[in-house]
Every structure is written in structure tokens, then in C-alpha cells.
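Structure file target_3.cif with mmCIF, C-alpha atoms:
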data_upload
#
loop_
_atom_site.label_atom_id
_atom_site.label_comp_id
_atom_site.auth_asym_id
_atom_site.auth_seq_id
_atom_site.Cartn_x
_atom_site.Cartn_y
_atom_site.Cartn_z
CA MET P 6 18.84 -8.85 -5.49
CA HIS P 7 22.15 -8.65 -3.73
CA PRO P 8 22.87 -5.77 -1.39
CA SER P 9 25.35 -3.20 -2.57
CA PRO P 10 28.90 -3.41 -1.28
CA GLY P 11 29.43 -2.05 2.17
CA ARG P 12 26.46 -1.58 4.43
CA ALA P 13 23.17 -2.53 2.81
CA VAL P 14 21.09 -3.24 5.88
CA THR P 15 21.99 -2.83 9.50
CA MET P 16 19.43 -3.84 12.07
CA SER P 17 19.51 -3.98 15.84
CA ILE P 18 16.86 -5.24 18.18
CA ALA P 19 17.07 -4.37 21.86
CA GLY P 20 17.17 -7.33 24.27
CA LEU P 21 13.91 -9.04 25.03
CA ALA P 22 13.70 -8.27 28.73
CA GLY P 23 11.88 -10.87 30.73
CA LEU P 24 11.49 -13.38 27.91
CA GLY P 25 13.76 -16.15 29.14
CA SER P 26 12.86 -19.76 29.58
CA GLN P 27 11.79 -20.80 33.05
CA ARG P 28 11.86 -24.29 34.42
CA ASN P 29 8.60 -25.82 35.50
CA ARG P 30 8.07 -25.28 39.18
CA VAL P 31 6.18 -27.55 41.51
CA ALA P 32 3.70 -25.41 43.38
CA SER P 33 2.82 -26.40 46.90
CA ALA P 34 0.25 -23.61 47.19
CA PRO P 35 -2.86 -23.18 45.05
CA VAL P 36 -2.22 -21.42 41.72
CA ARG P 37 -3.97 -18.09 41.18
CA CYS P 38 -4.47 -16.82 37.63
CA LEU P 39 -3.92 -13.12 37.03
CA LEU P 40 -6.67 -11.02 35.49
CA ALA P 41 -5.82 -8.98 32.40
CA ASP P 42 -5.73 -5.70 34.34
CA GLU P 43 -3.29 -7.24 36.86
CA LEU P 44 -0.69 -8.20 34.23
CA PRO P 45 2.39 -6.03 34.02
CA VAL P 46 2.49 -3.68 31.05
CA VAL P 47 5.24 -4.76 28.67
CA ARG P 48 6.32 -2.38 25.94
CA PRO P 49 7.32 -3.75 22.54
CA THR P 50 11.03 -4.11 21.88
CA PRO P 51 12.39 -1.23 19.75
CA VAL P 52 13.80 -1.84 16.29
CA ALA P 53 16.35 0.33 14.47
CA MET P 54 17.42 -0.12 10.86
CA SER P 55 19.74 1.67 8.50
CA VAL P 56 19.31 0.86 4.82
CA ASP P 57 20.75 2.06 1.55
CA PRO P 58 18.58 4.73 -0.09
CA ALA P 59 17.19 2.46 -2.80
CA PRO P 60 13.55 1.62 -3.62
CA GLN P 61 13.90 -2.11 -2.87
CA TYR P 62 14.70 -1.31 0.78
CA VAL P 63 11.37 0.45 1.30
CA ARG P 64 9.72 -2.97 0.94
CA ARG P 65 12.19 -4.54 3.38
CA VAL P 66 11.62 -1.88 6.05
CA ARG P 67 7.87 -2.22 5.53
CA LYS P 68 8.11 -5.98 6.19
CA VAL P 69 10.01 -5.36 9.42
CA ALA P 70 7.47 -2.72 10.45
CA ARG P 71 4.58 -5.09 9.67
CA ALA P 72 6.10 -7.87 11.80
CA TRP P 73 6.81 -5.47 14.66
CA LEU P 74 3.30 -3.98 14.65
CA ARG P 75 1.61 -7.39 14.44
CA GLN P 76 3.83 -9.54 16.64
CA MET P 77 5.41 -7.20 19.18
CA CYS P 78 2.70 -4.54 19.48
CA ARG P 79 -0.32 -6.77 18.82
CA MET P 80 -1.85 -3.92 16.81
CA PRO P 81 -5.23 -4.74 15.19
CA GLU P 82 -4.89 -5.58 11.48
CA GLY P 83 -6.77 -2.53 10.14
CA ARG P 84 -4.52 -0.21 12.12
CA VAL P 85 -1.44 -2.14 10.95
CA GLU P 86 -2.36 -1.59 7.29
CA SER P 87 -3.02 2.14 7.77
CA THR P 88 0.23 2.56 9.70
CA LEU P 89 2.16 0.73 6.97
CA VAL P 90 0.83 3.12 4.33
CA VAL P 91 2.14 5.99 6.48
CA VAL P 92 5.53 4.25 6.82
CA SER P 93 5.72 3.63 3.06
CA GLU P 94 4.87 7.23 2.19
CA LEU P 95 7.40 8.69 4.63
CA LEU P 96 10.11 6.25 3.50
CA THR P 97 9.44 7.07 -0.15
CA ASN P 98 9.68 10.81 0.57
CA ALA P 99 12.92 10.31 2.51
CA LEU P 100 14.29 8.33 -0.43
CA ARG P 101 13.08 10.74 -3.11
CA TYR P 102 14.15 13.98 -1.44
CA GLY P 103 17.19 12.92 0.56
CA ASN P 104 20.80 12.83 -0.55
CA SER P 105 22.45 10.90 2.26
CA ALA P 106 24.10 7.49 2.17
CA SER P 107 21.33 5.83 4.20
CA LEU P 108 17.74 5.88 5.36
CA GLU P 109 17.21 5.45 9.09
CA TYR P 110 14.17 3.70 10.57
CA LEU P 111 13.36 3.48 14.27
CA ASN P 112 10.26 2.28 16.07
CA TRP P 113 9.63 2.16 19.81
CA SER P 114 6.99 2.69 22.47
CA PRO P 115 7.32 5.97 24.38
CA GLN P 116 4.49 4.94 26.72
CA PRO P 117 2.25 1.90 27.12
CA GLY P 118 -0.26 1.60 24.29
CA VAL P 119 1.50 4.06 21.98
CA ILE P 120 4.09 3.52 19.26
CA ARG P 121 6.47 6.00 17.68
CA ILE P 122 8.08 5.56 14.29
CA GLU P 123 10.92 7.76 13.04
CA ILE P 124 12.21 7.87 9.48
CA GLY P 125 15.23 9.98 8.63
CA ASN P 126 17.38 10.67 5.62
CA GLY P 127 19.98 12.95 7.21
CA THR P 128 19.22 15.70 4.70
CA THR P 129 18.56 19.11 6.22
CA ALA P 130 15.60 20.72 4.47
CA PRO P 131 12.64 22.97 5.14
CA THR P 132 9.85 21.02 6.82
CA PRO P 133 7.60 19.59 4.10
CA GLN P 134 3.87 20.30 4.30
CA PRO P 135 0.92 18.27 2.98
CA THR P 136 -0.54 19.67 -0.22
CA GLN P 137 -3.52 18.78 -2.35
CA ALA P 138 -2.28 17.52 -5.73
CA ALA P 139 -4.03 18.34 -8.98
CA PRO P 140 -6.62 15.70 -9.94
CA LEU P 141 -4.52 14.24 -12.79
CA ALA P 142 -1.11 14.60 -11.09
CA GLU P 143 0.86 11.36 -10.78
CA SER P 144 2.43 12.32 -7.45
CA GLY P 145 2.17 14.86 -4.66
CA ARG P 146 -0.43 13.16 -2.45
CA GLY P 147 1.89 11.37 0.00
CA LEU P 148 1.95 13.80 2.91
CA PHE P 149 -1.75 14.60 2.45
CA LEU P 150 -2.43 10.85 2.75
CA VAL P 151 -0.11 10.59 5.79
CA ASP P 152 -1.98 13.45 7.46
CA GLN P 153 -5.39 11.89 6.79
CA LEU P 154 -4.39 8.40 7.98
CA VAL P 155 -2.64 9.59 11.14
CA THR P 156 -5.69 11.71 11.99
CA GLU P 157 -7.92 8.66 11.42
CA LEU P 158 -5.64 6.63 13.73
CA ARG P 159 -5.99 9.40 16.38
CA GLY P 160 -2.27 10.07 16.32
CA GLU P 161 0.08 12.87 15.44
CA TRP P 162 3.04 13.33 13.12
CA ASP P 163 5.56 15.97 12.12
CA TYR P 164 9.18 16.53 11.16
CA CYS P 165 12.02 17.48 13.46
CA GLU P 166 13.07 21.13 13.23
CA ASP P 167 15.84 20.59 10.66
CA GLY P 168 13.64 18.42 8.43
CA THR P 169 15.95 15.38 8.58
CA THR P 170 13.51 13.07 10.37
CA ALA P 171 9.76 12.46 10.14
CA TRP P 172 8.03 11.02 13.19
CA VAL P 173 4.62 9.47 13.82
CA CYS P 174 2.95 8.58 17.14
CA VAL P 175 -0.22 6.49 17.11
CA PRO P 176 -2.09 4.44 19.68
CA ILE P 177 -1.77 0.69 19.29
CA ASN P 178 -5.53 0.29 19.51
CA ASP P 179 -8.66 2.42 19.90
CA GLU P 180 -8.61 2.32 23.71
CA HIS P 181 -5.33 4.24 24.12
CA PRO P 182 -4.97 7.97 23.47
CA ALA P 183 -1.89 9.12 21.57
#
Starting from the file, lay out its structure as C-alpha cells.
Amino acid sequence: MHPSPGRAVTMSIAGLAGLGSQRNRVASAPVRCLLADELPVVRPTPVAMSVDPAPQYVRRVRKVARAWLRQMCRMPEGRVESTLVVVSELLTNALRYGNSASLEYLNWSPQPGVIRIEIGNGTTAPTPQPTQAAPLAESGRGLFLVDQLVTELRGEWDYCEDGTTAWVCVPINDEHPA
């Protein structure tokens, strides 16, 4: 599919600090290998996207999120899949209930070992709450599922006060608290 006229996808990735090529150096002194706990902590590079509010862009944002979680954060696969369900549900809600010209996606690391994802639709609304859908209902389980998965991941989530942006914070792995 071709993007709509104007701005279909805008994406920016912050500079990759410290990831330049270095020339081989001839060492005159013995080489000492660093232990894992001596390595500097490097936070994953943030990613920000703005996409048109159309269903096909949920898949595109999810692909970017998957790559970021796997490659930049080195998140274990099971946690990646659970986090992607959360991202999909929040994106779908932002798409379904928003009325702005774009969906905003941002991910970053507020502290080592923790990631934060923000999804906004620019639409001011009362803060949505998880509900338990009727057994035969075709929808209405998204935020309940988000709440269960984020709890399982030992994280937290909420909406900003005006309801325009949902946020999620989860540890990258089981060793880090949120």
C-alpha cells in the first residue's frame, strides 16, 4: 500500500553515541578483558514515530517496536512478545478512539534496565479504565489484557492526566525492577 499524501510516517532515531568505527590499535601493554559488571551501562537509543491513524500503521509501528526491543534493548523473546501485545492494544485503542491527524509512538529508557513506551493520539478524553468484557463480546478486553500483561512483566502503565497519551514502563529482563 502507498502512504497517503502528506505525512504518512515520520521517524527519528537519536544518534548512536559511542558507536563509531575505531582503527585497530597496536597495544604495547598486555590487554585486559573487562568483566560484564565492569562494562559501562549503555541505554538503548530512543525511537519516535508519527503515523497516520490507519490500521495498517499499527503493524508498522509494531515492527519498529519489535526491532527496538530485540536489537537495541536485548529484551528476552518472551518479554518482547508480551510487550508487543501491549503496544498493539494501546495503538489500536488510540486509533479507534482518537480523532487526531496522527498517532504518536515513542520509546526510550528512563533508567538502565527499564524501557518506557508512550502512545498518543492527541485526543483529550477521560482516562480509560480496564473492564471485563462479556463472555461473547467481540471487543472490550484490550485494557484488561494490557493490565494483566504489564503486571506479569512487573511493570506499570497508565494514561497522562488529559487522556491523550498511554505510557508503559517495564524492566528489560527479570533482574531489573521497574
Under the rule that only C-alpha atoms are counted, which of P:Val52, P:Cys174, P:Leu108, P:Cys165 is the nearest residue to Arg121 in chain P?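 Using only C-alpha atoms, Arg121 in chain P sits closest to P:Cys174.
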Have a look at P:Leu111, P:Ala72, P:Val151, P:Ile120 and name the one nearest to Ser93 in chain P; count only C-alpha atoms. P:Val151
Taking only C-alpha atoms into account, which of P:Asn98, P:Ser107, P:Gln61, P:Ser114 comes nearest Trp73 in chain P?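 Of all the options, P:Ser114 lies closest to Trp73 in chain P.
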Excluding Pro49 in chain P and any residue of its chain fewer than 5 positions from it, enumerate the residues within 8 Å of it, using only C-alpha atoms, and give them as a VMD selection string. chain P and resid 77 to 78 113 to 114
Which of P:Asn178, P:Thr156, P:Thr132, P:Thr97 sits closest to Pro58 in chain P [using only C-alpha atoms]: P:Thr97
Once the PyMOL selection byres ((chain P and resi 105) around 10) has been evaluated on this model, what residues remain selected, and can you format them as a compact mmCIF listing (two decimals) with C-alpha atoms, in the coordinates of the input?
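Saved as out.txt:
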# COMPACT_ATOMS: atom_id res chain seq x y z
CA ASP P 57 20.75 2.06 1.55
CA PRO P 58 18.58 4.73 -0.09
CA ALA P 99 12.92 10.31 2.51
CA LEU P 100 14.29 8.33 -0.43
CA TYR P 102 14.15 13.98 -1.44
CA GLY P 103 17.19 12.92 0.56
CA ASN P 104 20.80 12.83 -0.55
CA ALA P 106 24.10 7.49 2.17
CA SER P 107 21.33 5.83 4.20
CA LEU P 108 17.74 5.88 5.36
CA GLY P 125 15.23 9.98 8.63
CA ASN P 126 17.38 10.67 5.62
CA GLY P 127 19.98 12.95 7.21
CA THR P 128 19.22 15.70 4.70
CA THR P 129 18.56 19.11 6.22
For Ala130 in chain P, which of P:Ser55, P:Gln153, P:Gln116, P:Thr170 is the closest residue, counting only C-alpha atoms?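 The closest residue to Ala130 in chain P is P:Thr170.
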Arg71 in chain P surroundings by only C-alpha atoms, 7 Å radius, close-in-sequence under 4 positions cut, as a count of residues only: 4
Residues matched by the PyMOL selection byres ((chain P and resi 81) around 12), written as an MDAnalysis selection string: chainID P and resid 71 74:80 82:88 158 176:180
Atom pair CA of Pro60 in chain P + CA of Val91 in chain P, distance 15.9 Å
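Here CA of Leu154 in chain P stands at a distance of 14.7 Å from CA of Gln137 in chain P.
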What does the structure give for the distance between CA of Ala171 in chain P and CA of Arg48 in chain P, in Å to one decimal?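 Between CA of Ala171 in chain P and CA of Arg48 in chain P the gap is 21.9 Å.
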Please determine, counting only C-alpha atoms, which residue among P:Val175, P:Arg101, P:Leu148, P:Glu94 has the shortest atom-to-atom distance to Gly160 in chain P.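 Comparing P:Val175, P:Arg101, P:Leu148, P:Glu94 against Gly160 in chain P, the winner is P:Val175.
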